[in-house]
Structure formats: C-alpha cells, structure tokens
>>> print(open('entry-v8.txt').read())   # compact mmCIF, C-alpha atoms
# COMPACT_ATOMS: atom_id res chain seq x y z
CA MET A 6 10.37 14.77 -0.55
CA GLU A 7 12.98 16.79 -2.40
CA ALA A 8 15.82 15.23 -4.28
CA ALA A 9 18.82 15.08 -2.01
CA LYS A 10 21.66 14.96 -4.47
CA PRO A 11 22.31 13.78 -7.98
CA LYS A 12 23.69 10.31 -8.53
CA SER A 13 26.85 9.91 -10.52
CA GLY A 14 25.18 8.80 -13.75
CA GLY A 15 22.60 11.57 -13.55
CA ALA A 16 25.13 14.37 -13.58
CA ARG A 17 24.43 15.36 -17.19
CA LEU A 18 21.92 18.08 -17.88
CA CYS A 19 18.42 18.00 -19.33
CA SER A 20 18.58 17.56 -23.11
CA PHE A 21 15.93 20.25 -23.54
CA CYS A 22 16.86 23.19 -21.33
CA ASN A 23 20.49 22.26 -20.70
CA LEU A 24 20.10 23.91 -17.33
CA ARG A 25 18.64 21.48 -14.87
CA LYS A 26 19.34 18.00 -13.67
CA PRO A 27 17.32 15.41 -15.60
CA ALA A 28 14.66 13.54 -13.66
CA LEU A 29 13.72 10.79 -16.08
CA LYS A 30 14.56 9.05 -19.31
CA ARG A 31 11.76 9.32 -21.86
CA PRO A 32 10.90 5.90 -23.26
CA LYS A 33 9.69 7.38 -26.53
CA THR A 34 12.87 9.28 -27.40
CA LEU A 35 15.42 8.14 -24.78
CA HIS A 36 15.98 11.83 -23.96
CA GLN A 37 17.09 12.75 -20.47
CA ILE A 38 14.70 15.38 -19.30
CA CYS A 39 14.20 17.52 -16.21
CA ARG A 40 10.91 17.70 -14.40
CA GLU A 41 9.86 21.11 -15.71
CA CYS A 42 10.64 20.31 -19.35
CA PHE A 43 8.94 16.93 -18.93
CA TYR A 44 5.69 18.61 -17.86
CA ASP A 45 5.86 20.88 -20.91
CA VAL A 46 6.64 18.11 -23.40
CA PHE A 47 4.11 15.71 -21.91
CA GLU A 48 1.29 18.27 -22.03
CA ASP A 49 2.30 19.65 -25.44
CA GLU A 50 2.31 16.21 -27.03
CA ILE A 51 -1.21 15.55 -25.78
CA HIS A 52 -2.32 18.99 -26.96
CA ASN A 53 -0.81 18.34 -30.40
CA CYS A 54 -2.46 14.95 -30.56
CA ILE A 55 -5.82 16.56 -29.77
CA VAL A 56 -5.34 19.30 -32.37
CA GLU A 57 -3.90 17.13 -35.15
CA ASN A 58 -6.63 14.54 -34.82
CA GLN A 59 -9.35 17.15 -34.31
CA LEU A 60 -10.63 15.25 -31.30
CA PHE A 61 -12.91 18.05 -30.12
CA LYS A 62 -14.92 20.99 -31.43
CA ARG A 63 -15.42 24.21 -29.53
CA GLY A 64 -18.47 24.15 -27.31
CA GLU A 65 -18.66 20.38 -27.03
CA ARG A 66 -19.65 18.60 -23.86
CA VAL A 67 -17.09 15.90 -23.09
CA ALA A 68 -17.27 13.14 -20.49
CA ILE A 69 -14.05 11.71 -19.09
CA GLY A 70 -14.40 8.05 -18.17
CA ALA A 71 -12.98 8.20 -14.65
CA SER A 72 -12.08 5.11 -12.66
CA GLY A 73 -9.95 6.83 -10.04
CA GLY A 74 -6.89 5.02 -11.44
CA LYS A 75 -3.73 6.63 -12.73
CA ASP A 76 -4.66 7.01 -16.40
CA SER A 77 -8.06 8.60 -16.00
CA THR A 78 -6.87 10.78 -13.12
CA VAL A 79 -4.00 12.16 -15.19
CA LEU A 80 -6.37 12.53 -18.17
CA ALA A 81 -8.85 14.56 -16.11
CA TYR A 82 -6.06 16.75 -14.75
CA VAL A 83 -4.32 17.35 -18.09
CA LEU A 84 -7.51 17.82 -20.07
CA SER A 85 -8.92 20.43 -17.72
CA GLU A 86 -5.53 22.16 -17.75
CA LEU A 87 -5.29 22.17 -21.57
CA ASN A 88 -8.92 23.24 -21.89
CA ARG A 89 -8.08 26.34 -19.83
CA ARG A 90 -4.66 27.03 -21.30
CA HIS A 91 -5.58 26.64 -24.97
CA ASN A 92 -9.15 27.74 -24.62
CA TYR A 93 -10.72 24.65 -26.18
CA GLY A 94 -14.11 25.84 -24.98
CA LEU A 95 -15.11 22.38 -23.72
CA ASP A 96 -17.55 21.52 -20.96
CA LEU A 97 -15.84 18.67 -19.12
CA PHE A 98 -17.51 16.07 -16.89
CA LEU A 99 -16.31 13.06 -14.93
CA LEU A 100 -18.23 9.86 -15.59
CA SER A 101 -17.71 6.91 -13.26
CA ILE A 102 -19.16 3.46 -13.27
CA ASP A 103 -19.99 1.78 -9.99
CA GLU A 104 -19.75 -1.93 -10.72
CA GLY A 105 -20.76 -2.78 -7.17
CA ILE A 106 -17.50 -4.35 -6.01
CA THR A 107 -17.16 -3.89 -2.28
CA GLY A 108 -13.68 -2.92 -1.15
CA TYR A 109 -12.57 -2.02 -4.66
CA ARG A 110 -14.88 0.27 -6.51
CA ASP A 111 -16.30 1.93 -3.45
CA ASP A 112 -12.75 2.97 -2.52
CA SER A 113 -11.81 4.12 -6.00
CA LEU A 114 -15.05 6.11 -6.25
CA GLU A 115 -13.90 8.05 -3.19
CA THR A 116 -10.85 9.05 -5.23
CA VAL A 117 -13.04 10.22 -8.10
CA LYS A 118 -15.15 12.25 -5.67
CA ARG A 119 -11.98 13.98 -4.47
CA ASN A 120 -11.00 14.60 -8.11
CA GLU A 121 -14.39 16.22 -8.62
CA LEU A 122 -13.47 18.83 -6.05
CA GLN A 123 -9.78 19.09 -6.93
CA TYR A 124 -10.38 19.73 -10.64
CA GLY A 125 -13.80 21.36 -10.34
CA LEU A 126 -15.41 18.92 -12.77
CA PRO A 127 -19.00 17.75 -12.21
CA LEU A 128 -19.23 14.00 -11.54
CA LYS A 129 -21.87 11.52 -12.63
CA VAL A 130 -21.86 7.98 -11.25
CA VAL A 131 -23.93 5.24 -12.90
CA SER A 132 -24.20 1.85 -11.25
CA TYR A 133 -24.63 -1.66 -12.59
CA LYS A 134 -27.30 -2.11 -9.95
CA ASP A 135 -29.39 0.73 -11.39
CA LEU A 136 -28.77 -0.15 -15.03
CA TYR A 137 -28.92 -3.92 -14.90
CA GLY A 138 -30.37 -4.81 -11.51
CA TRP A 139 -27.19 -6.66 -10.50
CA THR A 140 -23.98 -5.65 -8.74
CA MET A 141 -20.74 -7.41 -9.65
CA ASP A 142 -20.67 -8.82 -6.11
CA GLU A 143 -24.05 -10.46 -6.78
CA ILE A 144 -22.96 -11.65 -10.22
CA VAL A 145 -19.81 -13.25 -8.81
CA LYS A 146 -21.86 -14.89 -6.09
CA MET A 147 -23.93 -16.52 -8.83
CA ILE A 148 -21.34 -17.33 -11.50
CA GLY A 149 -18.13 -17.67 -9.50
CA LEU A 150 -14.75 -16.28 -10.49
CA LYS A 151 -14.52 -17.75 -13.94
CA ASN A 152 -16.11 -15.44 -16.48
CA ASN A 153 -16.81 -12.47 -14.28
CA CYS A 154 -14.49 -10.19 -16.29
CA THR A 155 -16.61 -10.81 -19.39
CA PHE A 156 -19.73 -9.62 -17.60
CA CYS A 157 -17.96 -6.66 -16.12
CA GLY A 158 -16.34 -5.59 -19.40
CA VAL A 159 -19.51 -5.88 -21.47
CA PHE A 160 -21.59 -4.11 -18.86
CA ARG A 161 -19.06 -1.34 -18.38
CA ARG A 162 -18.83 -0.55 -22.07
CA GLN A 163 -22.56 -0.09 -22.28
CA ALA A 164 -22.78 1.67 -18.92
CA LEU A 165 -20.32 4.30 -20.10
CA ASP A 166 -22.46 4.95 -23.17
CA ARG A 167 -25.62 5.16 -21.10
CA GLY A 168 -23.97 7.48 -18.57
CA ALA A 169 -22.67 9.65 -21.40
CA ALA A 170 -26.20 9.83 -22.83
CA MET A 171 -27.55 10.91 -19.43
CA LEU A 172 -24.96 13.67 -19.31
CA LYS A 173 -25.96 14.64 -22.86
CA VAL A 174 -22.32 14.80 -23.91
CA ASP A 175 -21.03 14.91 -27.46
CA LYS A 176 -17.97 12.78 -26.75
CA LEU A 177 -16.53 10.33 -24.30
CA VAL A 178 -12.77 10.23 -23.65
CA THR A 179 -10.96 7.36 -21.98
CA GLY A 180 -7.48 7.07 -20.48
CA HIS A 181 -6.24 4.21 -22.68
CA ASN A 182 -2.50 4.73 -23.08
CA ALA A 183 0.04 3.55 -25.66
CA ASP A 184 0.91 0.45 -23.63
CA ASP A 185 -2.79 -0.51 -23.41
CA ILE A 186 -3.26 -0.12 -27.14
CA ALA A 187 -0.13 -2.11 -28.04
CA GLU A 188 -1.36 -4.83 -25.72
CA THR A 189 -4.80 -4.82 -27.34
CA VAL A 190 -3.28 -5.08 -30.83
CA LEU A 191 -1.38 -8.18 -29.71
CA LEU A 192 -4.42 -9.69 -28.01
CA ASN A 193 -6.60 -9.20 -31.06
CA ILE A 194 -3.95 -10.90 -33.19
CA LEU A 195 -3.72 -13.76 -30.71
CA ARG A 196 -7.49 -14.16 -30.81
CA GLY A 197 -7.90 -13.69 -34.55
CA ASP A 198 -10.37 -10.96 -33.83
CA ILE A 199 -10.15 -9.15 -37.15
CA ALA A 200 -13.00 -6.73 -36.52
CA ARG A 201 -11.42 -5.45 -33.31
CA LEU A 202 -7.91 -5.56 -34.75
CA SER A 203 -8.96 -3.19 -37.49
CA ARG A 204 -10.45 -0.63 -35.14
CA CYS A 205 -8.49 -0.95 -31.89
CA THR A 206 -5.84 1.54 -32.99
CA SER A 207 -8.30 4.22 -34.09
CA ILE A 208 -7.98 7.30 -31.93
CA THR A 209 -11.70 7.94 -32.30
CA THR A 210 -14.26 5.17 -32.56
CA GLY A 211 -18.03 4.98 -32.75
CA GLU A 212 -18.45 8.04 -34.94
CA ASP A 213 -21.39 6.30 -36.56
CA GLY A 214 -22.97 5.70 -33.14
CA PRO A 215 -24.58 8.17 -30.77
CA ILE A 216 -21.48 9.07 -28.76
CA PRO A 217 -18.00 8.86 -30.28
CA ARG A 218 -15.14 7.82 -28.00
CA CYS A 219 -11.58 8.99 -28.19
CA LYS A 220 -8.24 8.27 -26.59
CA PRO A 221 -6.05 11.35 -26.17
CA PHE A 222 -3.32 9.16 -24.54
CA LYS A 223 -3.04 6.88 -27.57
CA TYR A 224 0.65 7.75 -27.97
CA THR A 225 1.40 8.42 -24.31
CA TYR A 226 3.58 5.89 -22.51
CA GLU A 227 2.34 4.44 -19.27
CA LYS A 228 5.71 5.16 -17.68
CA GLU A 229 5.30 8.87 -18.38
CA ILE A 230 1.72 8.93 -17.10
CA VAL A 231 2.83 7.37 -13.82
CA MET A 232 5.88 9.64 -13.57
CA TYR A 233 3.68 12.68 -14.24
CA ALA A 234 1.21 11.60 -11.56
CA TYR A 235 4.06 10.96 -9.13
CA PHE A 236 5.88 14.26 -9.68
CA LYS A 237 2.62 16.24 -9.59
CA ARG A 238 1.46 14.28 -6.54
CA LEU A 239 -1.87 13.54 -8.20
CA ASP A 240 -4.34 11.63 -6.11
CA TYR A 241 -5.10 8.26 -7.68
CA PHE A 242 -6.18 4.82 -6.60
CA SER A 243 -4.13 1.77 -7.44
CA THR A 244 -5.52 -1.45 -6.09
CA GLU A 245 -6.08 -4.44 -8.27
CA CYS A 246 -9.69 -5.43 -8.76
CA ILE A 247 -10.43 -8.17 -6.24
CA TYR A 248 -12.08 -10.28 -8.95
CA SER A 249 -9.52 -9.81 -11.68
CA PRO A 250 -7.68 -12.99 -12.59
CA ASN A 251 -7.32 -12.17 -16.28
CA ALA A 252 -4.31 -14.32 -16.99
CA TYR A 253 -4.32 -14.07 -20.78
CA ARG A 254 -4.23 -10.29 -20.83
CA GLY A 255 -1.69 -10.43 -18.03
CA PHE A 256 0.72 -12.41 -20.22
CA ALA A 257 0.34 -9.96 -23.10
CA ARG A 258 0.98 -7.09 -20.70
CA GLU A 259 4.08 -8.70 -19.27
CA PHE A 260 5.36 -9.43 -22.78
CA ILE A 261 4.91 -5.77 -23.77
CA LYS A 262 6.73 -4.64 -20.63
CA ASP A 263 9.60 -7.06 -21.32
CA LEU A 264 9.88 -5.71 -24.86
CA GLU A 265 9.80 -2.15 -23.58
CA ARG A 266 12.75 -2.81 -21.32
CA ILE A 267 14.85 -3.97 -24.26
CA ARG A 268 13.55 -1.46 -26.81
CA PRO A 269 11.06 1.12 -25.57
CA ARG A 270 10.02 2.10 -29.08
CA ALA A 271 8.47 -1.35 -29.52
CA ILE A 272 5.25 -0.02 -28.01
CA LEU A 273 4.84 2.71 -30.63
CA ASP A 274 5.90 0.30 -33.35
CA ILE A 275 3.23 -2.23 -32.42
CA ILE A 276 0.63 0.55 -32.58
CA LYS A 277 2.02 1.60 -35.95
CA SER A 278 1.78 -1.98 -37.21
CA GLY A 279 -1.81 -2.11 -35.98
CA GLU A 280 -2.64 1.13 -37.77
CA ASN A 281 -1.24 -0.14 -41.03
CA PHE A 282 -2.87 -3.53 -41.17
CA ARG A 283 -5.20 -3.75 -44.13
CA ILE A 284 -7.94 -6.29 -43.73
CA ALA A 285 -8.48 -8.50 -46.80
CA THR A 286 -11.67 -7.56 -48.62
CA SER A 287 -12.64 -11.22 -48.56
CA THR A 288 -12.77 -11.16 -44.75
CA LYS A 289 -16.30 -11.26 -43.45
CA MET A 290 -16.89 -8.44 -41.02
CA PRO A 291 -19.84 -8.33 -38.61
CA GLU A 292 -22.60 -6.01 -39.70
CA GLN A 293 -23.50 -3.31 -37.23
CA GLY A 294 -27.15 -3.13 -36.26
CA THR A 295 -29.11 -2.43 -33.13
CA CYS A 296 -30.19 -4.72 -30.33
CA GLU A 297 -33.85 -5.68 -30.67
CA ARG A 298 -34.22 -5.61 -26.96
CA CYS A 299 -32.52 -2.44 -25.73
CA GLY A 300 -31.61 -0.56 -28.90
CA TYR A 301 -27.88 -0.53 -28.17
CA ILE A 302 -25.49 -1.04 -31.11
CA SER A 303 -25.05 -4.73 -31.84
CA SER A 304 -23.97 -6.98 -34.66
CA GLN A 305 -26.41 -9.59 -33.37
CA LYS A 306 -30.12 -9.72 -32.74
CA TRP A 307 -29.49 -9.03 -29.09
CA CYS A 308 -26.51 -7.11 -27.79
CA LYS A 309 -24.00 -8.93 -25.65
CA ALA A 310 -25.16 -7.21 -22.46
CA CYS A 311 -28.75 -8.33 -23.05
CA VAL A 312 -27.66 -11.92 -23.72
CA LEU A 313 -25.60 -11.98 -20.51
CA LEU A 314 -28.33 -10.29 -18.51
CA ASP A 315 -30.95 -12.68 -19.80
CA GLY A 316 -28.73 -15.58 -18.72
CA LEU A 317 -28.36 -14.11 -15.24
CA ASN A 318 -32.07 -13.45 -14.85
CA ARG A 319 -32.99 -16.93 -16.04
CA GLY A 320 -30.44 -18.54 -13.78
CA LEU A 321 -28.35 -19.69 -16.77
CA PRO A 322 -25.31 -17.47 -16.37
CA LYS A 323 -23.25 -19.39 -18.92
CA LEU A 324 -25.35 -17.99 -21.75
CA GLY A 325 -23.18 -15.82 -23.91
CA ILE A 326 -19.92 -16.96 -22.37
CA GLY A 327 -17.22 -18.44 -24.52
CA ARG A 328 -16.58 -18.23 -28.20
CA SER A 329 -18.13 -19.90 -31.15
CA ARG A 330 -15.59 -19.13 -33.83
CA GLY A 331 -14.06 -22.39 -35.00
CA HIS A 332 -15.66 -24.72 -32.49
CA ASP A 333 -19.35 -25.31 -32.18
CA ASN A 334 -19.47 -28.10 -29.71
CA ASP A 335 -20.26 -26.17 -26.57
CA GLU A 336 -23.88 -26.39 -25.66
CA SER A 337 -24.10 -22.99 -24.04
CA ILE A 338 -22.88 -21.52 -27.29
CA LYS A 339 -25.49 -23.42 -29.26
CA ASP A 340 -28.09 -21.93 -27.00
CA VAL A 341 -26.84 -18.45 -27.76
CA LYS A 342 -26.64 -19.13 -31.47
CA HIS A 343 -30.17 -20.26 -31.40
CA MET A 344 -31.24 -17.13 -29.66
CA THR A 345 -29.24 -14.57 -31.56
CA GLY A 346 -29.57 -16.31 -34.87
CA SER A 347 -25.90 -16.02 -35.74
CA LYS A 348 -22.48 -16.33 -34.33
CA GLU A 349 -21.69 -15.11 -30.90
CA VAL A 350 -19.82 -11.92 -30.13
CA GLN A 351 -16.84 -12.51 -28.02
CA GLY A 352 -16.64 -10.81 -24.68
CA LYS A 353 -13.99 -8.23 -24.17
CA PRO A 354 -12.47 -9.27 -20.94
CA CYS A 355 -11.42 -7.28 -18.06
CA GLY A 356 -11.60 -4.44 -16.24
CA THR A 357 -9.25 -1.69 -16.47
CA LEU A 358 -8.74 -1.98 -20.16
CA ASP A 359 -11.98 -1.16 -21.81
CA PHE A 360 -12.14 1.85 -19.64
CA MET B 7 23.00 3.07 6.34
CA GLN B 8 19.68 4.84 6.81
CA LEU B 9 17.37 4.85 3.83
CA THR B 10 13.77 5.70 3.14
CA LEU B 11 11.95 3.27 0.87
CA GLU B 12 8.57 4.13 -0.59
CA PHE B 13 6.21 1.68 -2.28
CA GLY B 14 3.38 2.95 -4.45
CA GLY B 15 1.01 2.19 -7.29
CA GLY B 16 -0.20 -0.94 -5.50
CA LEU B 17 3.20 -2.31 -4.42
CA GLU B 18 2.46 -1.22 -0.86
CA LEU B 19 -0.02 -4.11 -0.74
CA LEU B 20 2.95 -6.47 -0.80
CA CYS B 21 4.36 -4.97 2.39
CA ASP B 22 1.47 -4.74 4.85
CA SER B 23 -0.10 -1.80 2.97
CA LYS B 24 2.59 0.45 4.40
CA LYS B 25 3.93 2.93 1.86
CA VAL B 26 6.89 4.54 3.60
CA HIS B 27 9.57 2.49 5.33
CA HIS B 28 12.48 4.05 7.22
CA VAL B 29 15.08 1.34 7.25
CA ASN B 30 18.61 0.65 8.29
CA VAL B 31 20.52 -1.46 5.79
CA ASP B 32 23.92 -2.80 6.76
CA LEU B 33 26.55 -3.65 4.21
CA SER B 34 27.34 -7.32 3.93
CA ASP B 35 30.83 -8.39 4.89
CA GLY B 36 33.40 -7.52 2.29
CA GLU B 37 31.17 -4.98 0.54
CA GLU B 38 32.30 -1.40 0.40
CA LYS B 39 29.16 0.18 -0.92
CA LEU B 40 25.48 -0.54 -1.22
CA THR B 41 24.08 -0.70 -4.73
CA MET B 42 20.47 -0.94 -5.89
CA LYS B 43 21.13 -4.58 -6.61
CA GLY B 44 21.99 -5.18 -2.97
CA LEU B 45 19.07 -3.08 -1.78
CA LEU B 46 16.57 -5.01 -3.92
CA SER B 47 17.61 -8.34 -2.49
CA TRP B 48 17.52 -6.83 1.03
CA ALA B 49 14.02 -5.43 0.42
CA LYS B 50 12.80 -8.72 -0.99
CA THR B 51 13.95 -10.52 2.15
CA ASN B 52 13.03 -7.93 4.73
CA LEU B 53 10.05 -5.92 3.48
CA ILE B 54 8.08 -7.89 0.91
CA LYS B 55 5.60 -10.05 2.76
CA GLU B 56 3.67 -11.61 -0.11
CA ARG B 57 3.75 -12.25 -3.87
CA PRO B 58 7.41 -11.26 -4.38
CA GLU B 59 6.95 -12.01 -8.10
CA MET B 60 4.88 -8.82 -8.32
CA PHE B 61 7.95 -6.87 -7.27
CA MET B 62 10.96 -8.74 -8.62
CA LYS B 63 11.78 -10.76 -11.73
CA GLY B 64 15.22 -12.34 -11.68
CA ASP B 65 17.62 -10.06 -9.85
CA THR B 66 15.85 -6.83 -10.78
CA VAL B 67 12.41 -5.27 -10.46
CA ARG B 68 9.62 -6.66 -12.53
CA PRO B 69 9.21 -4.81 -15.85
CA GLY B 70 6.57 -2.15 -15.28
CA VAL B 71 7.88 -1.19 -11.85
CA LEU B 72 9.40 2.30 -11.90
CA VAL B 73 12.31 3.11 -9.61
CA LEU B 74 13.40 6.57 -8.51
CA VAL B 75 16.43 7.34 -6.38
CA ASN B 76 16.15 10.79 -4.78
CA ASP B 77 13.32 11.53 -7.21
CA CYS B 78 15.44 10.68 -10.22
CA ASP B 79 14.63 7.81 -12.62
CA TRP B 80 17.12 5.01 -11.96
CA GLU B 81 17.48 4.58 -15.71
CA LEU B 82 19.61 7.73 -15.50
CA SER B 83 21.76 6.60 -12.59
CA GLY B 84 22.73 3.12 -13.71
CA HIS B 85 19.85 0.80 -12.77
CA LEU B 86 21.11 -1.98 -10.51
CA ASP B 87 24.57 -0.42 -10.32
CA THR B 88 23.30 2.81 -8.79
CA THR B 89 25.25 3.42 -5.59
CA LEU B 90 23.28 4.42 -2.53
CA GLU B 91 24.33 6.77 0.21
CA ASP B 92 23.10 7.48 3.69
CA LYS B 93 19.67 9.24 3.77
CA ASP B 94 18.83 8.38 0.17
CA VAL B 95 15.17 8.02 -0.74
CA VAL B 96 14.23 5.14 -3.05
CA VAL B 97 10.74 4.99 -4.55
CA PHE B 98 9.16 1.97 -6.25
CA ILE B 99 5.94 2.50 -8.21
CA SER B 100 4.04 -0.18 -10.03
CA THR B 101 2.47 0.84 -13.33
CA LEU B 102 0.67 -2.46 -13.56
CA HIS B 103 -2.37 -1.76 -11.45
CA GLY B 104 -5.70 -0.50 -12.67
CA GLY B 105 -6.39 2.35 -15.01
>>> encode(input="entry-v8.txt", output="structure tokens")
Amino acid sequence: MEAAKPKSGGARLCSFCNLRKPALKRPKTLHQICRECFYDVFEDEIHNCIVENQLFKRGERVAIGASGGKDSTVLAYVLSELNRRHNYGLDLFLLSIDEGITGYRDDSLETVKRNELQYGLPLKVVSYKDLYGWTMDEIVKMIGLKNNCTFCGVFRRQALDRGAAMLKVDKLVTGHNADDIAETVLLNILRGDIARLSRCTSITTGEDGPIPRCKPFKYTYEKEIVMYAYFKRLDYFSTECIYSPNAYRGFAREFIKDLERIRPRAILDIIKSGENFRIATSTKMPEQGTCERCGYISSQKWCKACVLLDGLNRGLPKLGIGRSRGHDNDESIKDVKHMTGSKEVQGKPCGTLDF
Amino acid sequence: MQLTLEFGGGLELLCDSKKVHHVNVDLSDGEEKLTMKGLLSWAKTNLIKERPEMFMKGDTVRPGVLVLVNDCDWELSGHLDTTLEDKDVVVFISTLHGG
C-alpha cells in the first residue's frame, strides 16, 4: 500500500536529498532517510564493504547460502544487482540445504525455488538425507528435542561446504548480519570459546581451507535488511524452525536487541570489540587438521559431524554432545575423548545462525 | 476508527496466520485520540491469539519488532505517542525469525 500521509513527527525531510519525506531512521547513523536514498546508501555500503575487503575476484564462481529467510534473500537480490551494476564478473549460484524438516524446510525451499526464477540464479539443493543418510525429522525422532540444534548446526556447516564443492565454486557467501555477529561475539565470550571468539568477526574465514566463506552483511543492521526487504516487497520465508528451542542464544539475541533500542551503535561497537581482542599467546588454540574418516577440516581425529553420525548409526546419539572443557565427569564425553584422542569440539548450536 | 493492521516476519503466526486485518478501533471513554500505545494494547487483547510475549514487552513492542505507520518507521513519528487517524495502515514486522 502507499503511504497515506505523513505523521506529525515525520514532517522533516530526508537528511540526504532534502527533498522527500523520510521513511526510516537508520540505526547506524540515526539519520532520517527517504526510501530512495535508503536503497542507494544500503547498496553502496555493501558494495564498499565488498571492494574494501576484496571479497571477490573477477571471474569467480560464488555460492550464496540461501535459506529462503530474510537475510539470504536480500543477499541474493543485492549481490546479483551489484554484480550487474558494478560489473564484478561473478558467476552467482544459490545453495540450499534441505535438513529434512517437514513443514519448515520444505516450505522455505519453495521460497528459494521462487528466488531462483526471480533473480535468475541457478539453484543447488543438498539434503542431509543424501549426505548423511538421516533427515532431521528422523534424528529428532531418535534423540528427542534436546540436542537437535547441535546436530543440525554441525551437519549444515559441512553440508554447505560439500554443496559448494559440488558447484565447484571459489567462495561461499552467507547472510550473517551485524546483529548476528554481535550476538556471536557475546556468546563466544559467555562460553569462553577463545578459538571462535578470535575468528567470529572475520569477514572472510576458511582461506586456508578449500572454500573460503565471507559475510558481505557483516556491518549491515538487521533492521535495515528487513526494511529493505519490506519496501522492495522481496519474497522471503519467516517461520521459526519447529525444532528450535535454543534458549541460550535467544537470551543473547534479546539482550542485543534491548541494547540496540537504547543505543543502536552498540551492535557495531560489540563487533569492533570482537575485532580488536588479542588472544594471549599463552592460550592453547586447537590445531587444524583433517578428519581421518571423511577428510573434512577438523581439530580432532574425527570431525564433529562424523562423531555425531557415528553415534546416530550406533544407536548412541549422545556421543559428541556436551562439552568437556572444565568438567570431565560426563560419561558420554569420556567416550568421545577416548575415540577422538583429545578434547571434544563444542557444537555450534542452532539453525539460522551458522547459515 | 477504521485501521488496517499488517503482521509480518512471523508475527502473523500469533494471530491465526492472518497477515492483514481490517479493524475498527473505538476510542475509550474520555480519550480524544488514538495513539500507538492505545492501539498496541487493543491489538494485544483483540488480535493476538498466542504467545503475546513474542509481540509485546512491557507496554511496547518487543525489541526486534519493527513498526511502520503508513509505511513510515514509527521511530520518526514518536513511537508510542504516534497519533493514528482514520484509514491509517500500521505494519508490524518481526526481525527475530530465521535467516
């Protein structure tokens, strides 16, 4: 629908063009901005972020991790737009993971299939069933609703890499936004996860691995992504995963949103703090190797996905669940330690975030 | 007063999965105008069927829920004090669902 009339407080003009009625307040700068100028600034900032950080090289094949949700939908739209406008010379693909969650992922995959047509980007779907022999529905049936997000997160991370390898792409981009990254910085502090804390703010990761990943929305506020999608009427899917009870991450998210309401810059400042942490040289960091079983990158003998999968296939789904740092009294953890020969890697929980 | 309320980004799940609601909101006795504050409490009572905590926190929307009045960010029109008029369109979008 079209705007009927301006409200009293909105009578001032856009701080950029000074011509039109502002449509939103930018959280990053507190500027009042009209719709047209907002599109320009939003897209330009992402373009500048791509250029300044040299995220891509001409001629590269790039897969966009596409869940059908707001972030990846806006990323696919903006990236294909910028690729045309600034002549990046990229071959773009959509890569979706089908976790096998009836009533959730099958619906969101329909959105991605529409995006395939709307943006003219070829789509590849890889499923947990094909890669691991299990759907999330089957996993939940076996393990219940307690640690399902660990399975899903670990499997998704690897599935994206495998899908990217099938597409023979040079890079994988994900729709992680500034709010997600601020939240992850906090979570890694809360968990004492120094290895992840030191890399979670990097705009590109995995450059030593086969397929580097990058986050063009690292400095883009969630509010602006949603506003952009709303004003542009982009087609995205927004239902909560039916299995997602991730309370811990939920608290961190709510805390970030509360902070944002009082001082929107807090989100960028948390990212900045994360970027500037220096990890003490005396801190032991996990050594990166490869999984003896599947060849995937791993700091253990077996990668986390193989440990979890082995547990599922042996009917011992608690293998690999939980954490060993600081407390060694859990027998399932002992089992894992025995098998992997060293301490356990902690699962990265839930869903939408490691996408 | 006739208003159109739209729920998106997952909030529609709290009101029978219906996104667009054409509603008639009457002023309470003694009130001269309807503000967003009044509308929110009306919507909470009359439209939200489940998990109201996903929509409201205290007397305002939950942080992470965007509000637009006639396609304009309510942060520009005075948040809860925004005055509504007949035929206004109010949109609520959650940013908290999926990515």
>>> interface_residues(input="entry-v8.txt", of="chain B", to="chain A", cutoff="9 Å", atoms="all atoms listed in the file", output="PyMOL selection string")
chain B and resi 14-17+19+68-72+74-84+88-90+93-95+99-105
>>> atom_distance(input="entry-v8.txt", atom1="CA of Gly94 in chain A", atom2="CA of Glu65 in chain A")
7.4 Å
>>> atom_distance(input="entry-v8.txt", atom1="CA of Tyr301 in chain A", atom2="CA of Tyr248 in chain A")
26.7 Å
>>> atom_distance(input="entry-v8.txt", atom1="CA of Asp32 in chain B", atom2="CA of Asp65 in chain B")
19.2 Å
>>> residues_around(input="entry-v8.txt", residues="Val31 in chain B", least_positions_apart="2", cutoff="12 Å", atoms="all atoms listed in the file", output="ChimeraX atom specification")
/B:7-11,27-29,33-34,39-42,44-49,51-53,90-94
>>> closest_residue(input="entry-v8.txt", among="A:Tyr82, A:Trp307, A:Phe61, A:Tyr137", to="Leu177 in chain A", atoms="all atoms listed in the file")
A:Phe61
>>> residues_around(input="entry-v8.txt", residues="range 128-135 of chain A", least_positions_apart="2", cutoff="7 Å", atoms="all atoms listed in the file", output="compact mmCIF listing (two decimals) with C-alpha atoms, keeping the file's coordinate frame")
# COMPACT_ATOMS: atom_id res chain seq x y z
CA PHE A 98 -17.51 16.07 -16.89
CA LEU A 99 -16.31 13.06 -14.93
CA LEU A 100 -18.23 9.86 -15.59
CA SER A 101 -17.71 6.91 -13.26
CA ILE A 102 -19.16 3.46 -13.27
CA ASP A 103 -19.99 1.78 -9.99
CA GLU A 104 -19.75 -1.93 -10.72
CA GLY A 105 -20.76 -2.78 -7.17
CA GLU A 121 -14.39 16.22 -8.62
CA LEU A 126 -15.41 18.92 -12.77
CA TYR A 137 -28.92 -3.92 -14.90
CA GLY A 138 -30.37 -4.81 -11.51
CA TRP A 139 -27.19 -6.66 -10.50
CA THR A 140 -23.98 -5.65 -8.74
CA GLY A 168 -23.97 7.48 -18.57
>>> axis_aligned_box(input="entry-v8.txt", around="range 139-155 of chain A", padding_each_side="3 Å", output="JSON")
{"center_x": -20.8, "center_y": -11.7, "center_z": -12.7, "size_x": 18.7, "size_y": 18.1, "size_z": 19.3}
>>> closest_residue(input="entry-v8.txt", among="B:Val97, B:Asn30, B:Gly36, B:Cys21", to="Val67 in chain B", atoms="all atoms listed in the file")
B:Val97
